[in-house]
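Notes follow the structure.
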Amino acid sequence: MKNPDFTADKALAKDFLSNFVGPHGDPKYLNILQDVANRKIRAVQIELDDLFHHKDVDEEFLQRVTENTRRYVGIFAEAMDEIMPEPTEAYTVDEDRDILMTQRVDEGVDGGADGTDPLQRMPPDIKRFFEVYIKTFSKATPLTIRQVKASNIGQLVKISGIVTRCSDVKPLMQVAVYTCEECGFEIYQEVTARVFMPLIECPSQRCKLNKAKGNLILQLRASKFLKFQEVKLQELAEHVPKGHIPRSLTVHLRGELTRKVAPGDVVEMSGIFLPMPYYGFRAMRAGLVADTYLEAMSVTHFKKKYEEYDLKGDEQEQIDRLAEDGDIYSKLARSLAPEIFGHEDVKKALLLLLVGAPHRKLADGMKIRGDLHICMMGDPGVAKSQLLKHIINVAPRGVYTTGRGSSGVGLTAAVQKDPVTNEFVLEGGALVLADMGICAIDEFDKMEESDRTAIHEVMEQQTVSIAKAGITTSLNARTAILAAANPAWGRYDMRRTPAENINLPPALLSRFDLLWLILDRADMETDLEMARHIVHVHQNLESPALGFTPLEPSVLRAYISAARRVIPSVPRELEEYIATAYSSIRQEEAKSNAPTSYTTIRTLLSILRISIALARLRFSETVAQSDVDEALRLMQMSKYSLYSDDRQRSGLDAISDIYSILRDEAARTSSMDVRYAHALNLISRKGYSEAQLKECLEEYASLNVWQIHPSTFDIHFIDA
């Protein structure tokens with residue numbers, strides 16, 4: 001490959017910036033430069049996809065840009081300096097920069113009195129108020145940290161990984177400006193590395209002629225600084241070969257790319273892979289070895305936060321279409337882990353956990369949490385851990401830990417010594433990393449009691465208070481907790497009371513909005529269906545037909561992000577209804593002499609939270625009575641699995657109760673007919689099975705109360 005002609009390349013860069021037409025037929029980069037001139041934006045991103053589609057750009061030029069990226073960032077910046085348009089709008093003046101620049105131009109500083117002194121020539125960096133980044137091809141496959149070799153040094157590479165550490169954003173000197181006490185000239189020193197040797201003697205022509213060693217004073221106000229942040233990127237677990245530990249890479253973020261990532265984010269970064277030589281005493285020990293780092297050019301998040309979700313046109317249409325579907329609640333729930341058989345109500349509860357309710361802040365500063373907490377307790381092999389993993393996959397921010405593998409410090413926050421400054425700093429644990437997200441804790445029952453108490457404060461106050469090593473502070477942990485646990489003896493023992501089986505302190509249990517007890521009961525029909533389902537998944541690597549196409553996790557995220565923007569309110573007419581429902585639950589519990597009390601005032605808040613989450617799913621501004629009924633049904637279903645043997649209703653047997661439900665429904669709709677599917681839905685809410693419904697239909701048909709359609713099983717009442 002012949003030596004590049006940088007002058008010709010600069011002309012080509014100018015031609016590209018001036019003439020490239022965007023998808024809407026407008027000059028894309030000229031519009032960006034106009035916004036830069038008007039001080040609306042500071043970052044200009046050159047996309048290699050655009051270079052590839054530009055008619056005058058050949059493959060050799062593209063290759064030079066990807067293999068010598070740092071040089072071409074400078075070339076594009078110089079080209080932009082030459083074609084930068086005049087500002088068309090008034091902008092706020094940056095006092096230090098703009099006034100100093102006008103003074104310098106007025107005094108003819110550039111190049112000194114005779115224009116010959118190179119050290120007094122203004123570097124172009126100090127005049128620029130923008131930064132240039134080159135973004136790699138969008139279709140390029142990201143490399144893992146292991147695949148980046150020495151042959152990639154100086155090139156543009158794209159790497160995927162998880163962010164494990166972020167330093168604070170600090171100023172990094174780009175151009176140092178000195179003034180000489182003898183000759184009064186401004187001297188400029190460009191800083192390209194992390195460290196630099198400040199000038200001490202004035203190197204200007206005048207001081208040399210006068211043989212005066214002019215003393216230089218560093219002018220911090222006139223110098224140019226860049227925002228700088230150092231990030232540790234670690235390999236994703238699926239990219240690590242067996243028996244190896246994950247590798248990590250240092251990434252330097254500058255300017256507008258800072259504060260884009262936080263620990264725990266899974267990102268794709270494109271940037272220039274560069275060596276970083278050691279300095280000072282370390283250089284003597286290191287010899288010829290140099291460290292490497294990635295100078296970031298662009299950052300892409302795999303999963304955006306709900307607040308940052310910008311819905312594209314087709315996504316918005318799809319969400320509007322889904323919102324009009326009457327059965328969307330059930331479809332969204334069944335799209336969660338469709339490979340897992342059954343558990344429909346559990347999946348509905350997990351969907352509501354993802355949606356959540358808005359946080360409430362009262363006038364006096366008191367906060368009421370909006371996040372839902374769910375605990376799934378069940379026999380081994382009922383797919384609790386799989387459900388947990390799937391929810392973490394769907395949620396934009398999720399942290400998965402297990403009870404045995406987490407200590408109290410690992411969940412809340414640890415005090416560590418910072419290797420750079422040697423000061424004590426706080427490192428957030430799992431609950432702090434999952435702020436504004438979901439923290440899934442598996443094997444919840446195996447945790448040490450002392451570690452489990454660390455979660456109490458997070459679940460209700462949503463903060464982590466620390467008083468360690470001279471650091472007293474409170475960290476935010478606005479996280480929804482999803483816990484999975486086994487009963488006390490590994491399997492649920494029907495001879496013991498629920499309290500003995502659950503074996504978690506009441507203070508912790510009352511904080512969970514829903515406690516699901518999933519028992520593995522032997523049932524011929526269910527077991528057959530489940531076995532067929534599992535064999536089908538095993539053979540075809542997909543779930544059997546659900547009657548509709550399950551939604552992708554990305555569509556679920558988009559729908560939930562749109563739903564979370566709605567802030568529903570509870571109308572006045574429902575206040576009495578909710579209060580009565582709550583008091584009746586308390587009365588029932590008092591009568592039933594249940595061995596453990598699960599209903600506290602927190603239960604009332606749980607009913608409100610679940611109802612609001614259901615209203616959000618419908619994009620409704622107000623909570624409807626059906627939402628409250630569904631919330632009560634979910635709470636009852638979670639309780640029913642708890643007291644599965646006490647299912648007989650007071651006074652009524654199952655058959656009579658089903659009959660009264662269907663009769664009430666026919667009276668409510670003023671219709672003589674009730675569809676079988678609707679009837680099944682109604683009675684399943686009350687905890688009855690399809691077999692009991694069929695038994696009821698046969699018994700009352702023989703008494704000539706109703707007629708049953710032979711094929712569809714729809715019900716027609718004979719007597720109004």
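Here's how to read the names in the structure tokens: chain A, B, ... by the order shown, residue numbers from 1 in each chain, ligand numbers from 1 in the order shown.
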* Asked: If we count only C-alpha atoms, what is near A:Gln461 at a cut-off of 9 Å, once residues fewer than 5 positions away on the same chain are taken out, given as a list in words?
  ->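 Those residues are Lys367, Ile368, Arg369, His456, Ala477 and Arg478 of chain A.
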Would you mind exporting N, CA and C atoms of the selected residues as a JSON list (two decimals), in the first residue's frame?
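Once written, part36.json looks like this:
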[["chain", "number", "residue", "atom", "x", "y", "z"],
["A", 367, "LYS", "N", -41.76, 9.22, 51.34],
["A", 367, "LYS", "CA", -41.89, 8.52, 50.06],
["A", 367, "LYS", "C", -42.67, 7.23, 50.23],
["A", 368, "ILE", "N", -43.50, 6.91, 49.23],
["A", 368, "ILE", "CA", -44.19, 5.62, 49.19],
["A", 368, "ILE", "C", -43.70, 4.90, 47.95],
["A", 369, "ARG", "N", -43.17, 3.69, 48.14],
["A", 369, "ARG", "CA", -42.54, 3.01, 47.00],
["A", 369, "ARG", "C", -43.58, 2.58, 45.96],
["A", 456, "HIS", "N", -34.09, -5.65, 54.28],
["A", 456, "HIS", "CA", -35.30, -5.04, 54.87],
["A", 456, "HIS", "C", -35.42, -3.57, 54.50],
["A", 477, "ALA", "N", -31.49, 2.77, 46.25],
["A", 477, "ALA", "CA", -31.65, 1.40, 45.74],
["A", 477, "ALA", "C", -33.13, 1.22, 45.41],
["A", 478, "ARG", "N", -33.59, 1.99, 44.41],
["A", 478, "ARG", "CA", -35.02, 1.91, 44.04],
["A", 478, "ARG", "C", -35.20, 0.70, 43.14]]
Applying 7 Å and only C-alpha atoms, which residues near A:Ala413 remain after dropping the ones on its own chain fewer than 5 positions away? List them as a short mmCIF file (atom, residue, chain, number, x, y, z; two decimals) with N, CA, C and O atoms, in the first residue's frame.
data_model
loop_
_atom_site.label_atom_id
_atom_site.label_comp_id
_atom_site.auth_asym_id
_atom_site.auth_seq_id
_atom_site.Cartn_x
_atom_site.Cartn_y
_atom_site.Cartn_z
N LEU A 426 -16.73 3.95 48.18
CA LEU A 426 -17.83 2.98 48.26
C LEU A 426 -18.00 2.30 46.92
O LEU A 426 -18.02 2.96 45.88
N GLU A 427 -18.12 0.99 46.92
CA GLU A 427 -18.46 0.24 45.71
C GLU A 427 -19.85 -0.32 45.92
O GLU A 427 -20.10 -1.07 46.87
N GLY A 428 -20.77 0.02 45.05
CA GLY A 428 -22.16 -0.43 45.18
C GLY A 428 -22.28 -1.93 45.00
O GLY A 428 -21.62 -2.53 44.16
N GLY A 429 -23.14 -2.56 45.80
CA GLY A 429 -23.40 -3.99 45.65
C GLY A 429 -24.55 -4.24 44.69
O GLY A 429 -24.97 -3.35 43.96
#
* Asked: Contacts of stretch 32-35 of chain A at 10 Å or less, counting only C-alpha atoms, minus same-chain residues fewer than 2 places along, as a PyMOL selection string?
  -> chain A and resi 17-18+27-30+37-45+80-81+83-89+130
* as an MDAnalysis selection string, please: all residues of stretch 299-481 of chain A that backbone DSSP puts in strand (DSSP E or B). => chainID A and resid 299:301 360:361 367:368 374:378 398:402 413:417 424:428 438:442 463:468 471:476 480:481
* Atom-to-atom span, atom CA of A:Val355 and atom CA of A:Asp379, Å -> 27.2 Å
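Among the candidates A:Val163, A:Leu249, A:Cys183, A:Leu156, the one nearest to A:Lys211 when counting only C-alpha atoms is A:Cys183.
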